[in-house]
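Undergrad: Here it is, the structure, as structure tokens.
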Amino acid sequence: MSFSLKQSALAACNDVSNSVLQRRSLSCRSSILPPLVFQNNSKRTNLSLSKPLHVSAVEIIGKDKEPVIKCRAYEADKSQPIEAAAEEVKSEAAKRVKIGIYFATWWALNVVFNIYNKKVLNAYPYPWLTSTLSLACGSLMMLISWATRIAEAPKTDFEFWKTLFPVAVAHTIGHVAATVSMSKVAVSFTHIIKSGEPAFSVLVSSLLLGESFPPAVYLSLVPIIGGCALAAVTELNFNMTGFMGAMISNLAFVFRNIFSKKGMKGNSVSGMNYYACLSMLSLVILTPFAIAVEGPQMWAAGWEKALSQIGPQFIWWVAAQSIFYHLYNQVSYMSLDQISPLTFSIGNTMKRISVIVSSIIIFHTPVQPVNAVGAAIAILGTFLYSQAKA
């Protein structure tokens, strides 16, 4: 409804959501704008003020000495005005589109990373150096972003880095273990085994943290464990090192999540900057171990061999897997700022499906029907776990 009132009525409208008009005639004064007079309109709207009116919008009409204020209001027990409701619907739709873009970008970047990472490892089987280069590239990208002010640098202190250290240790172990796994087995097999991470999460939380879960959560672990076991037994190119690498990666990432939840409560660092700091600290931790395990001599010899077999495009493969590794992780952490843990968990499950299917197609990975059934059961169990955990 619309009606005209004196400029002085604005004093009752300072808080739009809480302003209440309780009198048929308003006479409060305001010194902000010149006094206004009512318009002479014989067709005034009759207002029933038995219930309070909330002012939703105030509009000044005219540029004369005595302009008119047009005030829109709605009764307290009714829904918001059509304009406000429409804006809310638009805002919700925009948020959903934004989340959809996050998910699509996250999945696409992850697929591209896994493809180039496997290509590099096939030609250059040095997973410790490959893991180090991924972290180094991401760290360099974020340092440049902060220096050029493309992204705002986080404000951190010693306590922040202290609480981040155990998270970085677990992240480093999980990252290297997953890369070692993919250097020994198919990408699809690594991700099928990594879909068993919820089982490790429940196990660690129950035994070490004393947490208990609803029966539905425990039941959801049956298809996860059974599916992973079926896929492992029927894997044509099974390798124990690759299998154990994926299992260790699962365990390490569970501890990373636990340390992250405990140590980062109340921290104001954004998801993007949080992952950047995590990459830098992980790089510092990983570098000396990579040198000790593999070493520059092995790297140099392997590099020359890869270049002679693949050609200059091998350099692009290395650069691409390093860049896309950081980007997909960065987008995943950024999406955590926008969505609930349940939505993120479902998105992570769908990400694994996209990686498994795309890697099978691109690398022509031989898959037996029973192996595919095991993978489907494990992924379904992961989805059921996310629903039961909620």
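Order determines the names: the first chain of the structure tokens is A, the second B, and so forth; residues in each chain are numbered 1 upward, and ligands are numbered 1 upward as they are shown.
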Identify, on the basis of only C-alpha atoms, every residue whose closest approach to stretch 234-241 of chain A does not exceed 7 Å; exclude the query and any residue fewer than 2 positions from it along the same chain; express the result as number ranges by chain.
TA: A: 181, 184-185, 230-232, 243-245, 370-371
Undergrad: Residues at most 7 Å from A:Ser279, counting only C-alpha atoms, excluding those fewer than 4 positions away in the same chain, as a ChimeraX atom specification?
TA: /A:135,138-139,275,283
Undergrad: May I have the selected residues written with N, CA, C and O atoms, as a compact mmCIF listing (two decimals), in the first residue's frame?
TA:
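Generated output (part-v9.txt):
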```
# COMPACT_ATOMS: atom_id res chain seq x y z
N LEU A 135 53.34 -28.00 -5.06
CA LEU A 135 53.26 -27.07 -3.93
C LEU A 135 54.04 -25.79 -4.21
O LEU A 135 53.60 -24.69 -3.85
N GLY A 138 52.04 -23.51 -6.65
CA GLY A 138 50.93 -22.85 -5.98
C GLY A 138 51.40 -21.74 -5.04
O GLY A 138 50.78 -20.67 -4.97
N SER A 139 52.48 -21.99 -4.33
CA SER A 139 53.03 -20.98 -3.41
C SER A 139 53.49 -19.75 -4.18
O SER A 139 53.23 -18.61 -3.77
N TYR A 275 44.46 -21.99 2.24
CA TYR A 275 45.13 -23.04 1.46
C TYR A 275 46.50 -22.58 0.95
O TYR A 275 47.43 -23.39 0.86
N LEU A 283 55.31 -27.10 1.59
CA LEU A 283 56.50 -27.06 0.72
C LEU A 283 57.78 -27.07 1.55
O LEU A 283 58.74 -27.79 1.22
```
Undergrad: If you count only C-alpha atoms, which residues fall within 8 Å of A:His171, apart from same-chain ones fewer than 6 positions away, as a list in words?
TA: Ala252, Phe253, Arg256 and Ser282 of chain A
Undergrad: Return as a Markdown table the residues of stretch 268-307 of chain A lying at most 7 Å from stretch 114-134 of chain A, together with the closest atom-to-atom pair for each and the distance in Å to one decimal, counting only C-alpha atoms, with rows in chain order and ascending residue number.
TA:
```
| residue | atom | partner | partner_atom | distance |
| --- | --- | --- | --- | --- |
| A:Leu283 | CA | A:Thr132 | CA | 6.4 |
| A:Leu286 | CA | A:Thr132 | CA | 6.6 |
| A:Thr287 | CA | A:Thr132 | CA | 6.4 |
| A:Ala290 | CA | A:Trp128 | CA | 5.2 |
| A:Gly302 | CA | A:Tyr124 | CA | 6.1 |
| A:Trp303 | CA | A:Tyr124 | CA | 6.9 |
| A:Ala306 | CA | A:Ala123 | CA | 5.6 |
```
Undergrad: Take the residues from that selection and write them out as a PDB file, in the first residue's frame, keeping all heavy atoms.
TA:
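So out_20.pdb came out as:
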```
ATOM      1  N   LEU A 283      55.314 -27.096   1.594  1.00  0.00           N
ATOM      2  CA  LEU A 283      56.503 -27.055   0.725  1.00  0.00           C
ATOM      3  C   LEU A 283      57.782 -27.072   1.551  1.00  0.00           C
ATOM      4  O   LEU A 283      58.742 -27.787   1.225  1.00  0.00           O
ATOM      5  CB  LEU A 283      56.449 -25.816  -0.164  1.00  0.00           C
ATOM      6  CG  LEU A 283      57.671 -25.574  -1.064  1.00  0.00           C
ATOM      7  CD1 LEU A 283      57.842 -26.712  -2.057  1.00  0.00           C
ATOM      8  CD2 LEU A 283      57.527 -24.229  -1.795  1.00  0.00           C
ATOM      9  N   LEU A 286      58.169 -30.637   2.928  1.00  0.00           N
ATOM     10  CA  LEU A 286      58.385 -31.696   1.943  1.00  0.00           C
ATOM     11  C   LEU A 286      59.749 -31.631   1.267  1.00  0.00           C
ATOM     12  O   LEU A 286      60.357 -32.678   0.999  1.00  0.00           O
ATOM     13  CB  LEU A 286      57.279 -31.639   0.888  1.00  0.00           C
ATOM     14  CG  LEU A 286      57.386 -32.621  -0.285  1.00  0.00           C
ATOM     15  CD1 LEU A 286      57.420 -34.060   0.228  1.00  0.00           C
ATOM     16  CD2 LEU A 286      56.243 -32.417  -1.266  1.00  0.00           C
ATOM     17  N   THR A 287      60.250 -30.442   0.974  1.00  0.00           N
ATOM     18  CA  THR A 287      61.464 -30.295   0.164  1.00  0.00           C
ATOM     19  C   THR A 287      62.653 -31.119   0.652  1.00  0.00           C
ATOM     20  O   THR A 287      63.266 -31.861  -0.148  1.00  0.00           O
ATOM     21  CB  THR A 287      61.843 -28.813   0.049  1.00  0.00           C
ATOM     22  OG1 THR A 287      60.760 -28.086  -0.543  1.00  0.00           O
ATOM     23  CG2 THR A 287      63.098 -28.636  -0.803  1.00  0.00           C
ATOM     24  N   ALA A 290      62.047 -34.820  -0.072  1.00  0.00           N
ATOM     25  CA  ALA A 290      62.103 -35.138  -1.498  1.00  0.00           C
ATOM     26  C   ALA A 290      63.550 -35.268  -1.973  1.00  0.00           C
ATOM     27  O   ALA A 290      63.887 -36.173  -2.754  1.00  0.00           O
ATOM     28  CB  ALA A 290      61.372 -34.065  -2.303  1.00  0.00           C
ATOM     29  N   GLY A 302      66.338 -38.520 -15.093  1.00  0.00           N
ATOM     30  CA  GLY A 302      64.968 -38.787 -15.515  1.00  0.00           C
ATOM     31  C   GLY A 302      64.412 -37.692 -16.400  1.00  0.00           C
ATOM     32  O   GLY A 302      63.642 -37.960 -17.336  1.00  0.00           O
ATOM     33  N   TRP A 303      64.798 -36.460 -16.124  1.00  0.00           N
ATOM     34  CA  TRP A 303      64.323 -35.323 -16.918  1.00  0.00           C
ATOM     35  C   TRP A 303      64.828 -35.417 -18.360  1.00  0.00           C
ATOM     36  O   TRP A 303      64.062 -35.214 -19.309  1.00  0.00           O
ATOM     37  CB  TRP A 303      64.788 -34.019 -16.279  1.00  0.00           C
ATOM     38  CG  TRP A 303      64.239 -32.786 -16.918  1.00  0.00           C
ATOM     39  CD1 TRP A 303      64.796 -32.070 -17.933  1.00  0.00           C
ATOM     40  CD2 TRP A 303      62.999 -32.136 -16.604  1.00  0.00           C
ATOM     41  NE1 TRP A 303      64.005 -31.011 -18.270  1.00  0.00           N
ATOM     42  CE2 TRP A 303      62.883 -31.026 -17.468  1.00  0.00           C
ATOM     43  CE3 TRP A 303      62.004 -32.379 -15.672  1.00  0.00           C
ATOM     44  CZ2 TRP A 303      61.796 -30.167 -17.421  1.00  0.00           C
ATOM     45  CZ3 TRP A 303      60.912 -31.527 -15.637  1.00  0.00           C
ATOM     46  CH2 TRP A 303      60.816 -30.434 -16.497  1.00  0.00           C
ATOM     47  N   ALA A 306      62.937 -38.196 -20.165  1.00  0.00           N
ATOM     48  CA  ALA A 306      61.559 -37.820 -20.490  1.00  0.00           C
ATOM     49  C   ALA A 306      61.510 -36.853 -21.663  1.00  0.00           C
ATOM     50  O   ALA A 306      60.656 -36.971 -22.551  1.00  0.00           O
ATOM     51  CB  ALA A 306      60.894 -37.207 -19.269  1.00  0.00           C
TER      52      ALA A 306
END
```
Undergrad: Could you tell me which of A:Thr172, A:Ser335, A:Gln297, A:Ser322 comes closest to A:Ile248 if we count only C-alpha atoms?
TA: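 Answer, going by the shortest atom-to-atom distance: A:Thr172.
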Undergrad: Extract, using only C-alpha atoms, all DNA, RNA and protein residues at most 8 Å from A:Val217, discarding same-chain residues fewer than 2 positions from it, and format them as a list in words.
TA: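 Once the nearby chain positions are removed, what remains is Phe213, Pro214, Pro215, Leu219, Ser220, Leu221, Tyr385, Ala388 and Lys389 of chain A.
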Undergrad: Got a sec: who's within 12 Å of A:Cys228, counting only C-alpha atoms, leaving out chain neighbours fewer than 6 positions off, as a CSV table (one decimal) with C-alpha atoms, in the first residue's frame?
TA:
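around.csv, written as the output of this step:
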```
chain,number,residue,atom,x,y,z
A,188,SER,CA,40.7,-44.6,-11.5
A,189,PHE,CA,41.9,-47.3,-9.0
A,190,THR,CA,43.5,-44.6,-6.8
A,191,HIS,CA,40.3,-42.6,-6.6
A,192,ILE,CA,38.2,-45.7,-5.9
A,193,ILE,CA,40.3,-46.5,-2.9
A,194,LYS,CA,40.3,-42.9,-1.8
A,195,SER,CA,36.5,-43.0,-1.8
A,196,GLY,CA,37.0,-45.0,1.4
A,197,GLU,CA,38.1,-42.0,3.3
A,198,PRO,CA,34.8,-41.8,5.4
A,199,ALA,CA,35.6,-45.2,6.9
A,221,LEU,CA,30.5,-47.9,5.9
A,222,VAL,CA,29.5,-51.4,4.8
A,234,THR,CA,39.4,-57.5,-9.2
A,235,GLU,CA,41.9,-54.8,-10.3
A,243,PHE,CA,47.1,-49.5,-3.0
A,246,ALA,CA,46.0,-44.5,-1.5
A,247,MET,CA,45.2,-45.9,2.0
A,370,VAL,CA,32.8,-56.7,-11.4
A,371,ASN,CA,35.5,-54.0,-10.9
A,372,ALA,CA,33.0,-51.4,-12.1
A,373,VAL,CA,30.4,-52.7,-9.7
A,374,GLY,CA,32.8,-52.5,-6.8
A,375,ALA,CA,33.6,-48.9,-7.6
A,376,ALA,CA,29.9,-48.0,-7.9
A,377,ILE,CA,29.1,-49.6,-4.6
A,378,ALA,CA,31.9,-47.7,-2.9
A,379,ILE,CA,30.9,-44.4,-4.3
A,380,LEU,CA,27.2,-45.0,-3.4
A,381,GLY,CA,28.3,-45.8,0.1
A,382,THR,CA,30.2,-42.5,0.3
```
Undergrad: With distances taken over only C-alpha atoms, which of A:Ala276, A:Ala301, A:Val269, A:Ile225 is nearest to A:Asp157?
TA: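 The answer is A:Val269, which sits nearest to A:Asp157.
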Undergrad: So that I can check the surroundings of A:Ser345, please list as a PDB file with C-alpha atoms, in the first residue's frame every protein, DNA and RNA residue that reaches within 9 Å of it, counting only C-alpha atoms and ignoring chain neighbours fewer than 5 positions away.
TA:
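Contents of around25.pdb, freshly written:
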```pdb
ATOM      1  CA  SER A 340      27.693 -26.453   4.034  1.00  0.00           C
ATOM      2  CA  MET A 350      30.604 -36.380  -7.611  1.00  0.00           C
ATOM      3  CA  THR A 382      30.221 -42.491   0.258  1.00  0.00           C
ATOM      4  CA  PHE A 383      27.056 -40.662  -0.785  1.00  0.00           C
ATOM      5  CA  SER A 386      27.361 -37.937   3.687  1.00  0.00           C
TER       6      SER A 386
END
```
Undergrad: Report the distance between atom CA of A:Asn250 and atom CA of A:Leu164 in Å, rounded to one decimal place.
TA: 19.2 Å
